[in-house]
$ cat final29.cif   # mmCIF, C-alpha atoms and all ligand atoms
data_run
loop_
_atom_site.label_atom_id
_atom_site.label_comp_id
_atom_site.auth_asym_id
_atom_site.auth_seq_id
_atom_site.Cartn_x
_atom_site.Cartn_y
_atom_site.Cartn_z
CA MET N 28 19.75 1.24 15.90
CA LYS N 29 19.51 2.92 12.49
CA ILE N 30 17.51 1.04 9.87
CA LEU N 31 17.39 1.56 6.13
CA VAL N 32 13.99 0.83 4.58
CA ILE N 33 13.94 -0.07 0.90
CA ASN N 34 10.96 -0.24 -1.46
CA CYS N 35 12.23 -1.47 -4.80
CA GLY N 36 10.40 -1.24 -8.12
CA SER N 37 11.61 -2.49 -11.49
CA SER N 38 13.29 0.83 -12.36
CA SER N 39 12.94 2.74 -9.10
CA LEU N 40 14.01 2.50 -5.46
CA LYS N 41 12.48 4.45 -2.58
CA TYR N 42 14.34 4.59 0.72
CA GLN N 43 14.16 5.98 4.22
CA LEU N 44 16.78 5.88 6.96
CA LEU N 45 15.22 5.86 10.43
CA ASP N 46 16.80 6.13 13.85
CA MET N 47 14.82 3.48 15.70
CA ASP N 48 15.96 4.67 19.13
CA ASN N 49 13.37 7.45 18.72
CA GLU N 50 11.71 6.49 15.39
CA ALA N 51 13.01 9.71 13.81
CA LEU N 52 13.35 9.99 10.04
CA LEU N 53 16.98 10.83 9.20
CA ALA N 54 16.79 10.90 5.40
CA LYS N 55 14.59 9.78 2.54
CA GLY N 56 14.92 9.63 -1.18
CA LEU N 57 14.15 8.11 -4.52
CA CYS N 58 16.24 6.57 -7.30
CA GLU N 59 14.52 6.59 -10.68
CA ARG N 60 15.27 5.42 -14.21
CA ILE N 61 17.48 2.57 -12.95
CA GLY N 62 18.71 0.56 -15.94
CA ILE N 63 17.96 3.51 -18.25
CA ASP N 64 20.25 6.33 -17.07
CA GLY N 65 19.59 7.08 -13.39
CA HIS N 66 18.46 9.93 -11.16
CA LEU N 67 18.74 10.33 -7.38
CA LYS N 68 16.75 12.67 -5.17
CA HIS N 69 18.15 12.49 -1.64
CA GLN N 70 16.51 14.50 1.14
CA PRO N 71 18.43 14.63 4.43
CA GLN N 72 16.26 15.71 7.36
CA ASN N 73 19.09 17.40 9.32
CA GLY N 74 19.17 20.70 7.43
CA LYS N 75 21.79 19.61 4.92
CA PRO N 76 21.00 20.37 1.25
CA VAL N 77 18.85 18.18 -0.99
CA PHE N 78 20.74 16.27 -3.69
CA ASP N 79 18.68 16.08 -6.90
CA GLU N 80 20.81 15.05 -9.86
CA ASP N 81 21.40 12.40 -12.50
CA VAL N 82 23.64 9.56 -11.30
CA PRO N 83 24.50 6.61 -13.57
CA MET N 84 22.57 3.52 -12.39
CA PRO N 85 22.97 0.63 -14.81
CA THR N 86 21.56 -1.72 -12.13
CA HIS N 87 20.03 -1.55 -8.64
CA THR N 88 23.49 -2.22 -7.15
CA GLU N 89 24.77 1.16 -8.37
CA ALA N 90 21.54 2.75 -7.10
CA ILE N 91 22.06 1.34 -3.58
CA ALA N 92 25.73 2.34 -3.70
CA ALA N 93 24.72 5.90 -4.67
CA VAL N 94 22.21 6.02 -1.80
CA LEU N 95 24.84 4.81 0.68
CA ASP N 96 27.33 7.33 -0.69
CA LYS N 97 24.89 10.18 -0.05
CA LEU N 98 23.82 8.88 3.38
CA THR N 99 27.46 8.93 4.51
CA SER N 100 28.78 11.97 2.60
CA ALA N 101 30.04 15.09 4.39
CA GLU N 102 27.82 17.39 2.32
CA TYR N 103 24.51 15.45 2.25
CA GLY N 104 25.01 12.73 4.85
CA VAL N 105 23.22 11.83 8.04
CA VAL N 106 25.56 9.11 9.36
CA ALA N 107 29.36 8.98 9.61
CA ASP N 108 29.76 5.61 7.92
CA MET N 109 27.99 2.43 6.89
CA SER N 110 28.64 0.67 10.20
CA GLU N 111 25.97 2.87 11.80
CA ILE N 112 23.28 1.16 9.69
CA GLY N 113 22.28 -1.88 11.75
CA ALA N 114 19.83 -3.53 9.35
CA VAL N 115 17.92 -3.16 6.11
CA GLY N 116 14.15 -3.73 5.86
CA HIS N 117 12.59 -4.49 2.48
CA ARG N 118 9.02 -4.14 1.32
CA VAL N 119 8.23 -7.37 -0.52
CA VAL N 120 4.91 -7.43 -2.33
CA HIS N 121 4.00 -11.11 -2.36
CA GLY N 122 4.65 -13.71 0.30
CA GLY N 123 1.98 -16.14 -0.95
CA GLU N 124 0.74 -18.50 1.77
CA LYS N 125 4.27 -18.99 3.10
CA PHE N 126 4.61 -15.76 5.07
CA ALA N 127 2.10 -14.57 7.63
CA ALA N 128 4.70 -12.30 9.26
CA SER N 129 7.97 -10.52 8.51
CA VAL N 130 11.17 -12.61 8.44
CA VAL N 131 14.95 -12.25 8.48
CA ILE N 132 16.13 -13.00 4.94
CA ASP N 133 18.24 -16.12 4.44
CA ASP N 134 18.67 -18.48 1.48
CA ALA N 135 15.46 -20.37 2.25
CA VAL N 136 13.48 -17.10 2.45
CA MET N 137 14.97 -15.95 -0.87
CA ALA N 138 13.91 -19.24 -2.46
CA ALA N 139 10.38 -18.80 -1.08
CA ILE N 140 10.17 -15.22 -2.40
CA GLU N 141 11.33 -16.58 -5.79
CA GLU N 142 8.55 -19.17 -5.65
CA CYS N 143 6.03 -16.34 -5.35
CA VAL N 144 7.25 -14.66 -8.57
CA PRO N 145 4.45 -16.20 -10.70
CA LEU N 146 1.93 -14.62 -8.30
CA ALA N 147 3.49 -11.14 -8.63
CA PRO N 148 5.50 -11.17 -11.85
CA LEU N 149 5.99 -7.40 -11.92
CA HIS N 150 6.79 -6.81 -8.26
CA ASN N 151 8.63 -9.74 -6.66
CA PRO N 152 11.50 -9.81 -9.22
CA ALA N 153 12.17 -6.13 -8.44
CA ASN N 154 12.10 -6.85 -4.70
CA ILE N 155 14.54 -9.75 -5.18
CA THR N 156 16.83 -7.49 -7.23
CA GLY N 157 16.79 -4.93 -4.41
CA ILE N 158 17.66 -7.53 -1.76
CA ASN N 159 20.51 -8.91 -3.87
CA ALA N 160 21.85 -5.41 -4.52
CA CYS N 161 21.81 -4.68 -0.77
CA LYS N 162 23.63 -7.95 -0.08
CA GLN N 163 26.38 -6.84 -2.44
CA VAL N 164 26.68 -3.36 -0.96
CA PHE N 165 25.99 -4.09 2.74
CA GLY N 166 27.61 -7.53 3.03
CA SER N 167 26.56 -9.24 6.26
CA VAL N 168 24.21 -6.49 7.56
CA PRO N 169 20.95 -8.32 8.42
CA GLN N 170 18.06 -7.89 6.00
CA VAL N 171 14.38 -8.36 6.70
CA ALA N 172 11.43 -8.92 4.36
CA VAL N 173 8.07 -7.33 5.19
CA PHE N 174 5.26 -8.61 2.98
CA ASP N 175 2.24 -6.69 1.65
CA THR N 176 0.23 -9.91 1.78
CA ALA N 177 1.22 -11.14 5.28
CA PHE N 178 -1.40 -9.29 7.34
CA HIS N 179 -4.18 -10.85 5.25
CA GLN N 180 -3.11 -14.43 5.93
CA THR N 181 -5.55 -14.59 8.86
CA MET N 182 -8.53 -14.47 6.47
CA PRO N 183 -10.74 -17.55 6.80
CA GLY N 184 -11.34 -19.84 3.80
CA LYS N 185 -14.82 -18.44 3.28
CA ALA N 186 -13.24 -15.04 2.58
CA PHE N 187 -10.13 -16.02 0.62
CA MET N 188 -11.51 -18.81 -1.60
CA TYR N 189 -12.98 -18.18 -5.03
CA ALA N 190 -15.91 -20.36 -6.08
CA ILE N 191 -14.04 -22.00 -8.95
CA PRO N 192 -12.84 -25.64 -9.30
CA TYR N 193 -10.91 -26.42 -6.10
CA GLU N 194 -7.83 -27.71 -7.89
CA TYR N 195 -7.09 -24.20 -9.16
CA TYR N 196 -6.46 -23.34 -5.52
CA THR N 197 -4.48 -26.47 -4.64
CA ASP N 198 -2.48 -26.70 -7.89
CA LEU N 199 -2.12 -23.08 -8.95
CA LYS N 200 -2.63 -21.17 -5.66
CA VAL N 201 -5.52 -19.14 -7.06
CA ARG N 202 -7.13 -17.43 -4.04
CA ARG N 203 -7.59 -13.98 -2.55
CA TYR N 204 -4.31 -12.71 -1.07
CA GLY N 205 -4.94 -9.00 -0.54
CA PHE N 206 -2.34 -6.21 -0.55
CA HIS N 207 -1.53 -3.00 1.37
CA GLY N 208 -1.35 -5.25 4.46
CA THR N 209 1.41 -3.20 6.09
CA SER N 210 -0.72 -0.07 5.80
CA HIS N 211 -3.89 -1.73 7.11
CA ARG N 212 -1.94 -3.19 10.03
CA TYR N 213 -0.39 0.17 10.93
CA VAL N 214 -3.54 2.30 10.72
CA SER N 215 -5.66 -0.23 12.62
CA GLY N 216 -3.09 -0.21 15.44
CA GLN N 217 -3.07 3.58 15.51
CA ALA N 218 -6.89 3.67 15.45
CA ALA N 219 -7.07 1.45 18.54
CA LYS N 220 -4.67 3.84 20.32
CA LEU N 221 -6.77 6.84 19.26
CA MET N 222 -9.93 5.08 20.48
CA GLU N 223 -8.12 4.14 23.72
CA LYS N 224 -9.31 0.53 23.47
CA PRO N 225 -7.43 -2.77 23.10
CA ILE N 226 -7.47 -3.71 19.42
CA GLU N 227 -8.63 -7.20 20.46
CA GLU N 228 -11.99 -5.65 21.39
CA LEU N 229 -12.52 -3.66 18.18
CA LYS N 230 -14.12 -4.24 14.82
CA LEU N 231 -12.43 -1.87 12.38
CA ILE N 232 -12.74 -1.14 8.67
CA SER N 233 -9.67 0.41 7.11
CA CYS N 234 -10.04 2.26 3.79
CA HIS N 235 -6.64 2.70 2.08
CA MET N 236 -7.54 5.13 -0.71
CA GLY N 237 -4.62 6.17 -2.87
CA ASN N 238 -3.65 5.58 -6.46
CA GLY N 239 -4.19 1.93 -5.54
CA SER N 240 -7.04 1.38 -3.10
CA SER N 241 -8.20 -1.42 -0.86
CA ILE N 242 -10.46 -1.92 2.13
CA CYS N 243 -9.83 -4.31 4.98
CA ALA N 244 -12.12 -5.75 7.65
CA ILE N 245 -10.15 -6.14 10.89
CA ASP N 246 -11.80 -8.01 13.76
CA GLY N 247 -9.85 -8.06 17.01
CA GLY N 248 -6.69 -6.90 15.23
CA LYS N 249 -6.86 -9.66 12.61
CA CYS N 250 -7.76 -9.27 8.95
CA VAL N 251 -10.94 -11.19 8.16
CA ASP N 252 -11.54 -9.90 4.63
CA THR N 253 -10.07 -7.48 2.11
CA SER N 254 -11.07 -6.09 -1.26
CA MET N 255 -7.98 -6.76 -3.36
CA GLY N 256 -7.80 -10.34 -4.53
CA PHE N 257 -5.49 -12.71 -6.36
CA THR N 258 -3.92 -9.55 -7.76
CA PRO N 259 -4.27 -5.85 -6.84
CA ILE N 260 -6.73 -5.24 -9.70
CA ALA N 261 -9.69 -6.48 -7.66
CA GLY N 262 -12.11 -4.56 -5.46
CA LEU N 263 -12.57 -0.81 -5.78
CA PRO N 264 -12.14 1.16 -9.00
CA MET N 265 -8.72 2.82 -8.59
CA GLY N 266 -6.54 5.40 -10.34
CA THR N 267 -6.08 3.21 -13.41
CA ARG N 268 -7.31 -0.26 -12.32
CA CYS N 269 -10.88 -1.32 -13.02
CA GLY N 270 -11.62 -3.04 -9.70
CA ASP N 271 -14.32 -5.74 -9.67
CA ILE N 272 -15.94 -6.31 -13.05
CA ASP N 273 -17.92 -9.18 -14.55
CA VAL N 274 -15.30 -11.80 -15.48
CA SER N 275 -16.97 -12.31 -18.88
CA ILE N 276 -15.97 -8.82 -19.98
CA PRO N 277 -12.34 -9.55 -21.03
CA ASP N 278 -13.44 -12.40 -23.34
CA TYR N 279 -16.24 -10.25 -24.80
CA LEU N 280 -13.79 -7.40 -25.40
CA CYS N 281 -11.25 -9.71 -27.04
CA GLN N 282 -13.89 -11.08 -29.38
CA ASN N 283 -15.26 -7.67 -30.30
CA THR N 284 -12.06 -5.63 -30.58
CA GLY N 285 -9.64 -8.20 -32.01
CA LYS N 286 -7.26 -7.40 -29.14
CA ASP N 287 -5.62 -10.26 -27.26
CA VAL N 288 -6.15 -10.97 -23.58
CA THR N 289 -2.78 -9.50 -22.58
CA THR N 290 -3.70 -6.18 -24.22
CA ILE N 291 -7.12 -6.14 -22.56
CA THR N 292 -5.64 -7.06 -19.15
CA ASN N 293 -3.15 -4.24 -19.58
CA GLU N 294 -6.01 -1.83 -20.35
CA LEU N 295 -7.90 -3.04 -17.28
CA ASN N 296 -4.81 -2.37 -15.14
CA LYS N 297 -3.46 0.82 -16.68
CA LYS N 298 -6.23 2.58 -18.62
CA SER N 299 -9.28 1.91 -16.49
CA GLY N 300 -10.47 3.03 -13.06
CA VAL N 301 -11.21 6.73 -12.63
CA LEU N 302 -8.85 7.50 -15.53
CA GLY N 303 -10.83 5.26 -17.88
CA VAL N 304 -14.22 6.58 -16.80
CA SER N 305 -13.28 10.26 -16.70
CA GLY N 306 -10.87 10.39 -19.62
CA VAL N 307 -9.22 13.14 -17.56
CA SER N 308 -6.71 11.72 -15.10
CA SER N 309 -5.93 9.01 -12.56
CA ASP N 310 -5.17 11.75 -10.04
CA PHE N 311 -8.08 12.57 -7.77
CA ARG N 312 -7.02 16.24 -7.54
CA ASP N 313 -7.42 16.57 -11.33
CA LEU N 314 -10.78 14.81 -11.17
CA THR N 315 -12.08 17.17 -8.49
CA LYS N 316 -10.99 20.20 -10.50
CA ALA N 317 -12.53 18.87 -13.71
CA ALA N 318 -15.76 17.94 -11.91
CA GLU N 319 -15.96 21.45 -10.42
CA GLU N 320 -15.54 22.84 -13.92
CA GLY N 321 -18.57 20.82 -15.05
CA ASN N 322 -16.94 17.69 -16.47
CA GLN N 323 -19.69 15.06 -16.03
CA ARG N 324 -17.45 12.05 -16.53
CA ALA N 325 -14.99 13.27 -13.90
CA ALA N 326 -17.91 13.73 -11.50
CA LEU N 327 -19.17 10.24 -12.39
CA ALA N 328 -15.74 8.71 -11.71
CA ARG N 329 -15.64 10.34 -8.27
CA ASP N 330 -19.20 9.20 -7.53
CA MET N 331 -18.39 5.63 -8.60
CA PHE N 332 -15.39 5.57 -6.28
CA ALA N 333 -17.32 6.89 -3.27
CA TYR N 334 -20.20 4.49 -3.94
CA SER N 335 -17.87 1.52 -4.25
CA VAL N 336 -16.06 2.36 -0.99
CA ALA N 337 -19.40 2.74 0.82
CA LYS N 338 -20.72 -0.57 -0.54
CA THR N 339 -17.58 -2.38 0.59
CA VAL N 340 -17.71 -0.80 4.05
CA GLY N 341 -21.31 -2.01 4.29
CA ALA N 342 -20.30 -5.50 3.24
CA TYR N 343 -17.55 -5.63 5.86
CA ALA N 344 -19.80 -4.31 8.61
CA ALA N 345 -22.04 -7.26 7.74
CA ALA N 346 -19.08 -9.66 7.59
CA MET N 347 -18.05 -8.69 11.13
CA ASN N 348 -21.63 -8.31 12.42
CA GLY N 349 -20.83 -4.75 13.40
CA VAL N 350 -18.20 -2.04 13.22
CA ASP N 351 -16.71 0.25 15.87
CA GLY N 352 -14.44 2.41 13.75
CA ILE N 353 -13.87 3.30 10.09
CA ILE N 354 -10.43 4.55 9.06
CA PHE N 355 -9.48 6.66 6.04
CA THR N 356 -5.85 6.65 4.91
CA ALA N 357 -3.40 7.13 1.97
CA GLY N 358 -3.30 10.03 -0.52
CA VAL N 359 -7.05 10.39 -1.10
CA GLY N 360 -8.15 9.15 2.33
CA GLU N 361 -5.85 11.55 4.16
CA ASN N 362 -6.33 14.63 1.98
CA ASP N 363 -9.65 14.59 0.14
CA ALA N 364 -12.20 15.80 2.71
CA GLU N 365 -14.93 16.03 0.08
CA MET N 366 -14.47 12.39 -0.91
CA ARG N 367 -14.62 11.35 2.77
CA ALA N 368 -17.83 13.36 3.16
CA ASP N 369 -19.34 11.78 0.03
CA ILE N 370 -18.56 8.29 1.36
CA CYS N 371 -19.85 9.04 4.85
CA GLN N 372 -23.25 10.13 3.45
CA TYR N 373 -23.89 6.43 2.82
CA LEU N 374 -22.86 5.34 6.32
CA THR N 375 -25.32 7.09 8.63
CA TYR N 376 -27.47 3.92 8.87
CA LEU N 377 -24.52 2.29 10.65
CA GLY N 378 -24.48 5.07 13.24
CA ALA N 379 -21.45 6.78 11.71
CA GLU N 380 -22.03 10.53 11.92
CA LEU N 381 -19.47 12.78 10.23
CA CYS N 382 -18.49 16.03 11.95
CA PRO N 383 -18.07 18.39 8.95
CA GLY N 384 -15.89 20.82 10.92
CA CYS N 385 -13.51 18.04 12.06
CA ASN N 386 -13.48 16.60 8.54
CA ALA N 387 -12.34 19.92 7.08
CA LYS N 388 -9.34 20.18 9.43
CA ARG N 389 -5.92 18.76 8.54
CA GLY N 390 -3.50 17.03 10.89
CA GLY N 391 -2.28 13.68 12.14
CA ASP N 392 -4.30 10.82 13.66
CA ARG N 393 -7.75 12.28 14.36
CA PHE N 394 -11.46 11.67 14.74
CA ILE N 395 -13.73 13.16 12.07
CA SER N 396 -17.00 11.84 13.55
CA LYS N 397 -19.31 13.71 15.90
CA GLN N 398 -18.50 13.14 19.54
CA ASP N 399 -21.57 10.95 20.15
CA SER N 400 -21.24 9.01 16.88
CA LYS N 401 -21.78 5.30 17.63
CA VAL N 402 -19.22 4.34 14.98
CA LYS N 403 -16.03 6.40 15.07
CA LEU N 404 -14.73 7.88 11.82
CA MET N 405 -10.98 8.51 11.73
CA VAL N 406 -8.22 9.83 9.49
CA ILE N 407 -4.93 8.06 10.18
CA PRO N 408 -1.96 8.96 7.96
CA THR N 409 -0.33 5.69 6.93
CA ASN N 410 3.35 4.98 7.51
CA GLU N 411 4.41 1.72 5.90
CA GLU N 412 8.12 2.55 6.24
CA LEU N 413 7.81 2.85 10.00
CA VAL N 414 6.16 -0.59 10.22
CA ILE N 415 8.94 -2.07 8.09
CA ALA N 416 11.57 -0.45 10.33
CA ARG N 417 9.80 -1.62 13.52
CA ASP N 418 9.51 -5.21 12.27
CA THR N 419 13.15 -5.14 11.15
CA LYS N 420 14.34 -3.87 14.53
CA ALA N 421 12.26 -6.43 16.44
CA LEU N 422 13.53 -9.34 14.33
CA VAL N 423 17.18 -8.27 14.35
CA GLU N 424 17.21 -7.70 18.11
CA LYS N 425 15.62 -11.10 18.77
P1 LIG R 501 -1.02 7.48 -2.80
O1 LIG R 501 -1.10 6.33 -3.77
O2 LIG R 501 -1.38 7.09 -1.40
O3 LIG R 501 0.26 8.25 -2.88
O4 LIG R 501 -2.17 8.51 -3.23
C1 LIG R 501 -2.16 9.16 -4.47
C2 LIG R 501 -3.52 9.79 -4.71
O5 LIG R 501 -3.78 10.71 -3.63
C3 LIG R 501 -3.61 10.59 -6.01
O6 LIG R 501 -4.77 10.24 -6.71
C4 LIG R 501 -3.70 12.01 -5.52
O7 LIG R 501 -4.50 12.77 -6.34
C5 LIG R 501 -4.38 11.87 -4.18
N1 LIG R 501 -4.12 13.06 -3.38
C6 LIG R 501 -2.95 13.48 -2.87
N2 LIG R 501 -3.11 14.67 -2.26
C7 LIG R 501 -4.40 15.01 -2.40
C8 LIG R 501 -5.19 16.13 -2.01
N3 LIG R 501 -4.68 17.15 -1.33
N4 LIG R 501 -6.52 16.13 -2.35
C9 LIG R 501 -7.03 15.10 -3.03
N5 LIG R 501 -6.35 14.02 -3.42
C10 LIG R 501 -5.05 13.98 -3.13
#

$ encode --input "final29.cif" --output "structure tokens" --more "lines below"
Ligand code: AMP
Amino acid sequence: MKILVINCGSSSLKYQLLDMDNEALLAKGLCERIGIDGHLKHQPQNGKPVFDEDVPMPTHTEAIAAVLDKLTSAEYGVVADMSEIGAVGHRVVHGGEKFAASVVIDDAVMAAIEECVPLAPLHNPANITGINACKQVFGSVPQVAVFDTAFHQTMPGKAFMYAIPYEYYTDLKVRRYGFHGTSHRYVSGQAAKLMEKPIEELKLISCHMGNGSSICAIDGGKCVDTSMGFTPIAGLPMGTRCGDIDVSIPDYLCQNTGKDVTTITNELNKKSGVLGVSGVSSDFRDLTKAAEEGNQRAALARDMFAYSVAKTVGAYAAAMNGVDGIIFTAGVGENDAEMRADICQYLTYLGAELCPGCNAKRGGDRFISKQDSKVKLMVIPTNEELVIARDTKALVEK
């Protein structure tokens, strides 16, 4: 069965077409500037040329239609016609407390995703738009929703509750939800395979370090705590998000700058993190370069990130009363060997011993700890699209 995976943003749409008989990637691409003018980059994986041109996309429906046109075209295509696509899997950011697993989309599921809009006002409306556009273009082809929050629904109350008046939880659903769940689920499963142990017997800490970053404590294959919270701003300092700060700061800033809370919240989301501290960039490659050239603030931003990751790993080792394996993934986790080394300097007390030679090598799923390290250190490239396609296949075949 061939499955189309869709990750819809407000003005963008990422896609992959996978052949789930062998989990091979057939094509991938990105629509951008939807609703503005429109641009499609389509990359077939069968040797056919890349299409990289402006295409009018007044709405997501035209974007999906353009994607389907390219997937089936003689020049750029990878399938003969639409009937070869058996199902569509969608990344949906917020499933609230309703969804602890992926689901086939029907009217009731759509209504529940709508209900979660107040919890993810930027993301869920875009996801809903993408699903509706696919319904128009694909008709009765089954569609599946895979939620970023679902994996974290196993957290116990002591981890997901905030110590604020209880009615804010019952009436307004204010609690820790966590994000990047699809990534944490995938890499923890791969780590268990690499360690050749049943995941049920493992205590793992997964560090998803990209432009957005979160850490997850996974005990026996189940999430027991995670660093992102009610929204993705919580936890580690990120590319542009501040991570955990004293909650009095926004009010203090409003009073002393004359800015309103929306402006300050926007700054905390978009102008903070390593960008805010360094004044250089949200991109860790730029930070490393600037730090090497002597930029103290860029070096400080990198140090703050490494320190924050290490502190959270320590907290989660305590939360699980032990740890067997620590996983690094996503753009920084997979590629920035120096950052991994900086983090691991803090972790020797746990019995996690980095092998510098292994850490310097590139590749797929791999150990970067010394052979006799009590706690295994691993790099596992994440693959959220594959999880979405696997869930979609499993649900559609059921
Ligand atoms: P992601 O959100 O997972 O796509 O990750 C994006 C982040 O990964 C950016 O901050 C990039 O700078 C970082 N990144 C990607 N490649 C590298 C690399 N080779 N070295 C260091 N950081 C990288």

$ residues_near_ligand --input "final29.cif" --ligand "ligand LIG 501 (chain R)" --cutoff "6 Å" --atoms "only C-alpha atoms and all ligand atoms" --output "MDAnalysis selection string"
chainID N and resid 237:239 310:312 357:359 362:363

$ closest_residue --input "final29.cif" --among "N:Gly384, N:Ala172, N:Leu40, N:Pro76" --to "Asp418 in chain N" --atoms "only C-alpha atoms"
N:Ala172

$ residues_around --input "final29.cif" --residues "Lys401 in chain N" --least-positions-apart "5" --cutoff "9 Å" --atoms "only C-alpha atoms" --output "compact mmCIF listing (two decimals) with C-alpha atoms, in the frame of the given file"
# COMPACT_ATOMS: atom_id res chain seq x y z
CA ASP N 351 -16.71 0.25 15.87
CA GLY N 352 -14.44 2.41 13.75
CA LEU N 377 -24.52 2.29 10.65
CA GLY N 378 -24.48 5.07 13.24
CA ALA N 379 -21.45 6.78 11.71
CA GLU N 380 -22.03 10.53 11.92

$ residues_near_point --input "final29.cif" --point "(-13.3, 11.4, -2.9)" --cutoff "10 Å" --atoms "all atoms listed in the file" --output "mmCIF file with C-alpha atoms, in the coordinates of the input"
data_model
loop_
_atom_site.group_PDB
_atom_site.id
_atom_site.type_symbol
_atom_site.label_atom_id
_atom_site.label_comp_id
_atom_site.auth_asym_id
_atom_site.auth_seq_id
_atom_site.Cartn_x
_atom_site.Cartn_y
_atom_site.Cartn_z
ATOM 1 C CA MET N 236 -7.540 5.130 -0.710
ATOM 2 C CA PHE N 311 -8.080 12.570 -7.770
ATOM 3 C CA ARG N 312 -7.020 16.240 -7.540
ATOM 4 C CA LEU N 314 -10.780 14.810 -11.170
ATOM 5 C CA THR N 315 -12.080 17.170 -8.490
ATOM 6 C CA ALA N 328 -15.740 8.710 -11.710
ATOM 7 C CA ARG N 329 -15.640 10.340 -8.270
ATOM 8 C CA ASP N 330 -19.200 9.200 -7.530
ATOM 9 C CA MET N 331 -18.390 5.630 -8.600
ATOM 10 C CA PHE N 332 -15.390 5.570 -6.280
ATOM 11 C CA ALA N 333 -17.320 6.890 -3.270
ATOM 12 C CA TYR N 334 -20.200 4.490 -3.940
ATOM 13 C CA VAL N 336 -16.060 2.360 -0.990
ATOM 14 C CA VAL N 359 -7.050 10.390 -1.100
ATOM 15 C CA GLY N 360 -8.150 9.150 2.330
ATOM 16 C CA ASN N 362 -6.330 14.630 1.980
ATOM 17 C CA ASP N 363 -9.650 14.590 0.140
ATOM 18 C CA ALA N 364 -12.200 15.800 2.710
ATOM 19 C CA GLU N 365 -14.930 16.030 0.080
ATOM 20 C CA MET N 366 -14.470 12.390 -0.910
ATOM 21 C CA ARG N 367 -14.620 11.350 2.770
ATOM 22 C CA ALA N 368 -17.830 13.360 3.160
ATOM 23 C CA ASP N 369 -19.340 11.780 0.030
ATOM 24 C CA ILE N 370 -18.560 8.290 1.360
#

$ closest_residue --input "final29.cif" --among "N:Ala387, N:Ala139, N:Ala101, N:Ile63" --to "His121 in chain N" --atoms "all atoms listed in the file"
N:Ala139

$ residues_near_point --input "final29.cif" --point "(9.0, 4.0, -9.2)" --cutoff "9 Å" --atoms "only C-alpha atoms" --output "number ranges by chain"
N: 35-41, 57-60

$ write_last_selection --input "final29.cif" --atoms "C-alpha atoms" --output "short mmCIF file (atom, residue, chain, number, x, y, z; two decimals), in the frame of the given file"
data_model
loop_
_atom_site.label_atom_id
_atom_site.label_comp_id
_atom_site.auth_asym_id
_atom_site.auth_seq_id
_atom_site.Cartn_x
_atom_site.Cartn_y
_atom_site.Cartn_z
CA CYS N 35 12.23 -1.47 -4.80
CA GLY N 36 10.40 -1.24 -8.12
CA SER N 37 11.61 -2.49 -11.49
CA SER N 38 13.29 0.83 -12.36
CA SER N 39 12.94 2.74 -9.10
CA LEU N 40 14.01 2.50 -5.46
CA LYS N 41 12.48 4.45 -2.58
CA LEU N 57 14.15 8.11 -4.52
CA CYS N 58 16.24 6.57 -7.30
CA GLU N 59 14.52 6.59 -10.68
CA ARG N 60 15.27 5.42 -14.21
#

$ residues_around --input "final29.cif" --residues "Thr88 in chain N" --least-positions-apart "3" --cutoff "8 Å" --atoms "all atoms listed in the file" --output "ChimeraX atom specification"
/N:84,91-92,157,160-161,163-164

$ atom_distance --input "final29.cif" --atom1 "CA of Ser308 in chain N" --atom2 "CA of Asn386 in chain N"
25.1 Å

$ residues_around --input "final29.cif" --residues "Ile140 in chain N" --least-positions-apart "4" --cutoff "8 Å" --atoms "only C-alpha atoms" --output "ChimeraX atom specification"
/N:121-122,136,144,151,155

$ atom_distance --input "final29.cif" --atom1 "CA of Asp252 in chain N" --atom2 "CA of Thr339 in chain N"
10.5 Å

$ decode --input "final29.cif" --residues "range 300-308 of chain N" --atoms "N, CA and C atoms" --output "PDB file, in the first residue's frame"
ATOM      1  N   GLY N 300      15.304  32.317  23.150  1.00  0.00           N
ATOM      2  CA  GLY N 300      16.137  31.126  22.937  1.00  0.00           C
ATOM      3  C   GLY N 300      17.565  31.510  22.581  1.00  0.00           C
ATOM      4  N   VAL N 301      18.218  30.654  21.809  1.00  0.00           N
ATOM      5  CA  VAL N 301      19.628  30.922  21.466  1.00  0.00           C
ATOM      6  C   VAL N 301      19.752  32.145  20.558  1.00  0.00           C
ATOM      7  N   LEU N 302      18.678  32.448  19.799  1.00  0.00           N
ATOM      8  CA  LEU N 302      18.700  33.681  18.992  1.00  0.00           C
ATOM      9  C   LEU N 302      18.746  34.901  19.905  1.00  0.00           C
ATOM     10  N   GLY N 303      17.865  34.911  20.902  1.00  0.00           N
ATOM     11  CA  GLY N 303      17.787  36.060  21.812  1.00  0.00           C
ATOM     12  C   GLY N 303      19.075  36.265  22.580  1.00  0.00           C
ATOM     13  N   VAL N 304      19.641  35.181  23.083  1.00  0.00           N
ATOM     14  CA  VAL N 304      20.862  35.293  23.898  1.00  0.00           C
ATOM     15  C   VAL N 304      22.049  35.695  23.027  1.00  0.00           C
ATOM     16  N   SER N 305      22.180  35.055  21.868  1.00  0.00           N
ATOM     17  CA  SER N 305      23.376  35.295  21.041  1.00  0.00           C
ATOM     18  C   SER N 305      23.274  36.585  20.231  1.00  0.00           C
ATOM     19  N   GLY N 306      22.043  36.927  19.830  1.00  0.00           N
ATOM     20  CA  GLY N 306      21.886  38.042  18.891  1.00  0.00           C
ATOM     21  C   GLY N 306      22.411  37.682  17.510  1.00  0.00           C
ATOM     22  N   VAL N 307      22.774  36.424  17.306  1.00  0.00           N
ATOM     23  CA  VAL N 307      23.386  35.996  16.040  1.00  0.00           C
ATOM     24  C   VAL N 307      22.393  35.255  15.167  1.00  0.00           C
ATOM     25  N   SER N 308      21.824  34.157  15.694  1.00  0.00           N
ATOM     26  CA  SER N 308      21.007  33.294  14.858  1.00  0.00           C
ATOM     27  C   SER N 308      20.286  32.271  15.727  1.00  0.00           C
TER      28      SER N 308
END
